[in-house]
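Asks: Compact mmCIF, N, CA and C atoms, saved as input.txt, coming up:
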```txt
# COMPACT_ATOMS: atom_id res chain seq x y z
N GLN A 1 112.26 66.15 97.71
CA GLN A 1 110.98 66.37 97.07
C GLN A 1 109.89 65.60 97.82
N VAL A 2 108.79 66.28 98.10
CA VAL A 2 107.68 65.66 98.80
C VAL A 2 106.70 65.09 97.78
N GLN A 3 106.31 63.85 97.96
CA GLN A 3 105.41 63.23 97.00
C GLN A 3 104.30 62.47 97.69
N PRO A 4 103.06 63.00 97.62
CA PRO A 4 101.91 62.23 98.07
C PRO A 4 101.48 61.25 96.98
N VAL A 5 101.10 60.06 97.37
CA VAL A 5 100.63 59.05 96.43
C VAL A 5 99.31 58.49 96.92
N GLU A 6 98.27 58.68 96.11
CA GLU A 6 96.93 58.21 96.48
C GLU A 6 96.69 56.79 96.00
N SER A 7 95.78 56.12 96.69
CA SER A 7 95.32 54.80 96.27
C SER A 7 93.93 54.57 96.83
N GLY A 8 93.24 53.58 96.29
CA GLY A 8 91.95 53.20 96.84
C GLY A 8 90.75 53.62 96.03
N GLY A 9 90.96 54.36 94.96
CA GLY A 9 89.82 54.74 94.14
C GLY A 9 89.28 53.55 93.37
N GLY A 10 88.14 53.76 92.70
CA GLY A 10 87.56 52.70 91.91
C GLY A 10 86.11 52.97 91.59
N LEU A 11 85.45 51.92 91.14
CA LEU A 11 84.03 51.98 90.77
C LEU A 11 83.20 51.35 91.88
N VAL A 12 82.16 52.06 92.29
CA VAL A 12 81.30 51.57 93.36
C VAL A 12 79.86 51.93 93.03
N GLN A 13 78.95 51.15 93.52
CA GLN A 13 77.54 51.44 93.33
C GLN A 13 77.09 52.53 94.31
N ALA A 14 76.07 53.26 93.92
CA ALA A 14 75.50 54.28 94.81
C ALA A 14 75.12 53.64 96.14
N GLY A 15 75.45 54.35 97.21
CA GLY A 15 75.22 53.84 98.55
C GLY A 15 76.39 53.07 99.11
N GLY A 16 77.38 52.78 98.28
CA GLY A 16 78.52 52.00 98.71
C GLY A 16 79.58 52.83 99.40
N SER A 17 80.70 52.19 99.69
CA SER A 17 81.79 52.82 100.44
C SER A 17 83.12 52.60 99.75
N LEU A 18 84.02 53.53 99.97
CA LEU A 18 85.41 53.41 99.53
C LEU A 18 86.29 54.05 100.57
N ARG A 19 87.51 53.57 100.64
CA ARG A 19 88.50 54.16 101.54
C ARG A 19 89.71 54.57 100.72
N LEU A 20 89.97 55.85 100.68
CA LEU A 20 91.13 56.36 99.98
C LEU A 20 92.30 56.49 100.94
N SER A 21 93.49 56.21 100.43
CA SER A 21 94.71 56.36 101.22
C SER A 21 95.66 57.29 100.48
N CYS A 22 96.48 57.96 101.25
CA CYS A 22 97.51 58.83 100.68
C CYS A 22 98.75 58.73 101.54
N ALA A 23 99.80 58.18 100.99
CA ALA A 23 101.07 58.06 101.69
C ALA A 23 102.03 59.12 101.14
N VAL A 24 102.67 59.83 102.04
CA VAL A 24 103.56 60.92 101.66
C VAL A 24 105.00 60.52 101.91
N SER A 25 105.85 60.71 100.93
CA SER A 25 107.27 60.42 101.08
C SER A 25 108.07 61.68 100.77
N GLY A 26 109.34 61.67 101.22
CA GLY A 26 110.19 62.80 100.92
C GLY A 26 110.87 63.34 102.16
N SER A 27 111.35 64.56 102.05
CA SER A 27 112.08 65.18 103.15
C SER A 27 111.22 66.23 103.85
N GLY A 28 111.58 66.51 105.10
CA GLY A 28 110.87 67.53 105.85
C GLY A 28 109.52 67.11 106.36
N LEU A 29 109.23 65.83 106.35
CA LEU A 29 107.89 65.39 106.72
C LEU A 29 107.60 65.61 108.20
N ASN A 30 108.62 65.78 109.01
CA ASN A 30 108.38 66.04 110.43
C ASN A 30 107.75 67.42 110.62
N MET A 31 107.81 68.25 109.56
CA MET A 31 107.19 69.56 109.62
C MET A 31 105.83 69.61 108.92
N MET A 32 105.36 68.47 108.50
CA MET A 32 104.09 68.43 107.77
C MET A 32 102.95 68.79 108.70
N ASP A 33 102.10 69.70 108.27
CA ASP A 33 100.98 70.11 109.09
C ASP A 33 99.69 69.59 108.46
N GLY A 34 98.96 70.42 107.75
CA GLY A 34 97.68 70.00 107.21
C GLY A 34 97.82 68.96 106.11
N MET A 35 96.90 68.01 106.14
CA MET A 35 96.76 67.02 105.08
C MET A 35 95.28 66.93 104.73
N GLY A 36 95.01 66.47 103.54
CA GLY A 36 93.60 66.36 103.22
C GLY A 36 93.33 66.01 101.78
N TRP A 37 92.08 66.30 101.38
CA TRP A 37 91.61 65.89 100.08
C TRP A 37 90.78 66.99 99.40
N TYR A 38 91.01 67.10 98.12
CA TYR A 38 90.15 67.87 97.23
C TYR A 38 89.65 66.91 96.16
N ARG A 39 88.67 67.36 95.42
CA ARG A 39 88.19 66.56 94.30
C ARG A 39 87.84 67.47 93.13
N GLN A 40 87.86 66.88 91.94
CA GLN A 40 87.49 67.62 90.75
C GLN A 40 86.71 66.73 89.82
N ALA A 41 85.48 67.13 89.55
CA ALA A 41 84.62 66.41 88.61
C ALA A 41 84.78 67.03 87.22
N PRO A 42 84.47 66.29 86.18
CA PRO A 42 84.60 66.82 84.82
C PRO A 42 83.81 68.10 84.64
N GLY A 43 84.47 69.11 84.13
CA GLY A 43 83.81 70.38 83.86
C GLY A 43 83.58 71.25 85.07
N LYS A 44 84.08 70.83 86.22
CA LYS A 44 83.88 71.59 87.45
C LYS A 44 85.21 71.99 88.06
N GLU A 45 85.15 72.98 88.95
CA GLU A 45 86.35 73.40 89.64
C GLU A 45 86.71 72.41 90.75
N ARG A 46 87.97 72.43 91.10
CA ARG A 46 88.41 71.59 92.22
C ARG A 46 87.76 72.10 93.49
N GLU A 47 87.23 71.19 94.32
CA GLU A 47 86.58 71.59 95.56
C GLU A 47 87.16 70.86 96.76
N PHE A 48 87.11 71.52 97.89
CA PHE A 48 87.63 70.97 99.14
C PHE A 48 86.71 69.87 99.64
N VAL A 49 87.29 68.75 100.04
CA VAL A 49 86.53 67.63 100.59
C VAL A 49 86.72 67.54 102.10
N ALA A 50 87.97 67.42 102.54
CA ALA A 50 88.24 67.26 103.96
C ALA A 50 89.69 67.59 104.24
N GLY A 51 89.95 68.06 105.47
CA GLY A 51 91.31 68.34 105.89
C GLY A 51 91.49 67.97 107.34
N ILE A 52 92.73 67.70 107.71
CA ILE A 52 93.04 67.34 109.09
C ILE A 52 94.40 67.92 109.45
N SER A 53 94.48 68.53 110.62
CA SER A 53 95.74 69.10 111.08
C SER A 53 96.60 68.02 111.71
N ARG A 54 97.85 68.38 111.98
CA ARG A 54 98.75 67.43 112.61
C ARG A 54 98.20 66.99 113.97
N GLY A 55 97.52 67.87 114.64
CA GLY A 55 96.95 67.56 115.95
C GLY A 55 95.60 66.86 115.88
N GLY A 56 95.07 66.65 114.69
CA GLY A 56 93.85 65.89 114.54
C GLY A 56 92.57 66.69 114.38
N MET A 57 92.68 68.00 114.26
CA MET A 57 91.48 68.80 114.02
C MET A 57 91.02 68.59 112.59
N THR A 58 89.73 68.38 112.42
CA THR A 58 89.21 68.06 111.10
C THR A 58 88.21 69.11 110.62
N ARG A 59 88.08 69.20 109.33
CA ARG A 59 87.03 70.02 108.72
C ARG A 59 86.63 69.38 107.41
N TYR A 60 85.40 69.67 107.01
CA TYR A 60 84.83 69.00 105.84
C TYR A 60 84.12 69.99 104.94
N GLY A 61 84.03 69.64 103.67
CA GLY A 61 83.23 70.42 102.76
C GLY A 61 81.75 70.30 103.14
N SER A 62 80.98 71.32 102.79
CA SER A 62 79.59 71.35 103.22
C SER A 62 78.76 70.20 102.65
N PHE A 63 79.18 69.67 101.52
CA PHE A 63 78.41 68.60 100.88
C PHE A 63 78.60 67.24 101.57
N VAL A 64 79.60 67.14 102.43
CA VAL A 64 79.92 65.84 103.03
C VAL A 64 78.79 65.35 103.94
N LYS A 65 78.30 66.21 104.77
CA LYS A 65 77.13 65.92 105.62
C LYS A 65 77.26 64.60 106.37
N GLY A 66 78.42 64.38 106.97
CA GLY A 66 78.62 63.23 107.84
C GLY A 66 78.91 61.92 107.12
N ARG A 67 79.03 61.96 105.80
CA ARG A 67 79.26 60.71 105.06
C ARG A 67 80.72 60.30 105.01
N PHE A 68 81.63 61.25 105.13
CA PHE A 68 83.06 60.96 105.00
C PHE A 68 83.76 61.19 106.34
N THR A 69 84.83 60.43 106.55
CA THR A 69 85.66 60.62 107.74
C THR A 69 87.11 60.65 107.33
N ILE A 70 87.81 61.69 107.76
CA ILE A 70 89.24 61.80 107.48
C ILE A 70 90.03 61.43 108.73
N SER A 71 91.16 60.76 108.51
CA SER A 71 92.03 60.40 109.63
C SER A 71 93.46 60.37 109.13
N ARG A 72 94.41 60.37 110.04
CA ARG A 72 95.82 60.35 109.65
C ARG A 72 96.64 59.63 110.70
N ASP A 73 97.81 59.19 110.26
CA ASP A 73 98.80 58.60 111.14
C ASP A 73 100.10 59.37 110.90
N ASN A 74 100.48 60.19 111.84
CA ASN A 74 101.67 61.03 111.66
C ASN A 74 102.95 60.19 111.53
N ALA A 75 103.01 59.08 112.24
CA ALA A 75 104.21 58.24 112.17
C ALA A 75 104.37 57.61 110.78
N LYS A 76 103.25 57.37 110.12
CA LYS A 76 103.28 56.75 108.79
C LYS A 76 103.15 57.78 107.67
N ASN A 77 102.99 59.05 108.03
CA ASN A 77 102.83 60.11 107.03
C ASN A 77 101.71 59.75 106.03
N THR A 78 100.62 59.28 106.58
CA THR A 78 99.52 58.79 105.76
C THR A 78 98.21 59.41 106.22
N VAL A 79 97.37 59.72 105.26
CA VAL A 79 96.03 60.22 105.53
C VAL A 79 95.03 59.34 104.78
N TRP A 80 93.89 59.13 105.40
CA TRP A 80 92.85 58.32 104.79
C TRP A 80 91.55 59.12 104.68
N LEU A 81 90.73 58.72 103.76
CA LEU A 81 89.39 59.28 103.63
C LEU A 81 88.42 58.11 103.49
N GLN A 82 87.65 57.88 104.53
CA GLN A 82 86.63 56.85 104.50
C GLN A 82 85.34 57.48 103.99
N MET A 83 84.83 56.96 102.89
CA MET A 83 83.64 57.52 102.27
C MET A 83 82.51 56.50 102.31
N THR A 84 81.39 56.89 102.83
CA THR A 84 80.21 56.03 102.88
C THR A 84 79.03 56.76 102.24
N GLY A 85 77.98 56.02 101.96
CA GLY A 85 76.81 56.64 101.37
C GLY A 85 77.11 57.37 100.08
N LEU A 86 77.97 56.79 99.26
CA LEU A 86 78.41 57.48 98.05
C LEU A 86 77.27 57.69 97.07
N LYS A 87 77.33 58.84 96.39
CA LYS A 87 76.31 59.24 95.44
C LYS A 87 76.96 59.42 94.07
N PRO A 88 76.20 59.32 93.01
CA PRO A 88 76.78 59.56 91.67
C PRO A 88 77.48 60.91 91.57
N GLU A 89 76.99 61.90 92.27
CA GLU A 89 77.62 63.23 92.22
C GLU A 89 78.95 63.28 92.95
N ASP A 90 79.33 62.22 93.64
CA ASP A 90 80.65 62.14 94.25
C ASP A 90 81.70 61.68 93.24
N THR A 91 81.28 61.33 92.06
CA THR A 91 82.22 60.92 91.02
C THR A 91 83.17 62.06 90.68
N ALA A 92 84.46 61.77 90.78
CA ALA A 92 85.48 62.80 90.58
C ALA A 92 86.85 62.17 90.71
N VAL A 93 87.86 62.94 90.36
CA VAL A 93 89.23 62.58 90.71
C VAL A 93 89.52 63.20 92.06
N TYR A 94 89.99 62.40 92.98
CA TYR A 94 90.27 62.85 94.34
C TYR A 94 91.77 63.04 94.50
N TYR A 95 92.15 64.23 94.94
CA TYR A 95 93.54 64.59 95.09
C TYR A 95 93.90 64.77 96.56
N CYS A 96 95.01 64.21 96.92
CA CYS A 96 95.54 64.36 98.28
C CYS A 96 96.51 65.54 98.30
N TYR A 97 96.54 66.25 99.41
CA TYR A 97 97.55 67.29 99.58
C TYR A 97 98.21 67.14 100.95
N ALA A 98 99.45 67.61 100.99
CA ALA A 98 100.21 67.62 102.24
C ALA A 98 100.86 68.99 102.36
N GLY A 99 100.66 69.64 103.48
CA GLY A 99 101.17 70.99 103.68
C GLY A 99 102.44 71.00 104.52
N ILE A 100 103.49 71.60 103.98
CA ILE A 100 104.76 71.75 104.69
C ILE A 100 105.24 73.17 104.46
N SER A 101 105.46 73.89 105.57
CA SER A 101 106.00 75.26 105.50
C SER A 101 105.24 76.11 104.50
N SER A 102 103.95 76.13 104.63
CA SER A 102 103.05 76.97 103.82
C SER A 102 103.01 76.57 102.35
N THR A 103 103.52 75.42 102.01
CA THR A 103 103.45 74.91 100.64
C THR A 103 102.63 73.63 100.63
N ASN A 104 101.67 73.56 99.72
CA ASN A 104 100.89 72.32 99.57
C ASN A 104 101.48 71.49 98.44
N TYR A 105 101.73 70.23 98.74
CA TYR A 105 102.20 69.27 97.75
C TYR A 105 101.03 68.36 97.38
N TRP A 106 100.91 68.11 96.09
CA TRP A 106 99.74 67.41 95.58
C TRP A 106 100.10 66.05 94.97
N GLY A 107 99.18 65.09 95.17
CA GLY A 107 99.32 63.82 94.50
C GLY A 107 98.76 63.88 93.09
N GLN A 108 98.86 62.77 92.38
CA GLN A 108 98.39 62.71 91.00
C GLN A 108 96.89 62.48 90.89
N GLY A 109 96.27 62.06 91.97
CA GLY A 109 94.84 61.85 91.97
C GLY A 109 94.44 60.40 91.79
N THR A 110 93.27 60.07 92.30
CA THR A 110 92.71 58.73 92.13
C THR A 110 91.23 58.89 91.75
N GLN A 111 90.83 58.13 90.76
CA GLN A 111 89.47 58.27 90.23
C GLN A 111 88.48 57.51 91.09
N VAL A 112 87.41 58.19 91.45
CA VAL A 112 86.27 57.57 92.13
C VAL A 112 85.06 57.71 91.22
N THR A 113 84.45 56.59 90.90
CA THR A 113 83.26 56.59 90.05
C THR A 113 82.13 55.90 90.80
N VAL A 114 81.01 56.59 90.92
CA VAL A 114 79.86 56.05 91.63
C VAL A 114 78.75 55.83 90.61
N ALA A 115 78.37 54.58 90.44
CA ALA A 115 77.34 54.23 89.47
C ALA A 115 75.96 54.28 90.12
N SER A 116 75.01 54.77 89.35
CA SER A 116 73.64 54.87 89.90
C SER A 116 72.86 53.58 89.71
```
Let me see the structure of the file written as structure tokens.
Replies:
Amino acid sequence: QVQPVESGGGLVQAGGSLRLSCAVSGSGLNMMDGMGWYRQAPGKEREFVAGISRGGMTRYGSFVKGRFTISRDNAKNTVWLQMTGLKPEDTAVYYCYAGISSTNYWGQGTQVTVAS
């Protein structure tokens, strides 16, 4: 069973920074391809934040506008999301995903709250 586990969420003031981590454990991880992050705010649909391929190609949601950086370490099966310039509208539960053989495995989520 593949299990991503997020950490690093919390409460931060507007303009501040947070670094989210997601460590993936389980079997078949040598076949893991895309990793990344989605988020879901109360009353809203889950939206794509950032993704990174095994080879390091990255993509971001349109709202990111250069504020977030995604990175990964394939040897550690870990992906990070460095968030800067946080805004109150970034408040959400952030979910990590790991893709293996066309299946996405999801973590339980970590809460990010940005106070104005």
Asks: Here is a test: counting all atoms listed in the file, which residue of A:Trp37, A:Ser116, A:Gly107, A:Val93 is nearest to Val2 of chain A?
Replies: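 Nearest to Val2 of chain A: A:Gly107.
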Asks: Let's see if you can do this: from backbone DSSP, list all strand (DSSP E) residues in chain A, as an NGL selection string.
Replies: :A and (3-7 or 10-13 or 18-25 or 32-40 or 47-52 or 58-60 or 68-73 or 78-83 or 92-100 or 103-106 or 110-115)
Asks: Residues within 8 Å of Ser17 of chain A, please, as a PyMOL selection string. Count all atoms listed in the file; anything in the same chain fewer than 3 positions from it doesn't count.
Replies: chain A and resi 11-14+20+82-86
Asks: Have a look at atom C of Ser101 of chain A and atom CA of Thr69 of chain A and let me know their distance in Å, one decimal.
Replies: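 So the answer is 25.2 Å.
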Asks: Counting only N, CA and C atoms, what is within 6 Å of Ile52 of chain A, bar same-chain residues fewer than 4 positions away, as number ranges by chain?
Replies: A: 33-36, 56-59
Asks: So what do you get for atom CA of Phe63 of chain A versus atom CA of Val112 of chain A, distance-wise?
Replies: 16.1 Å
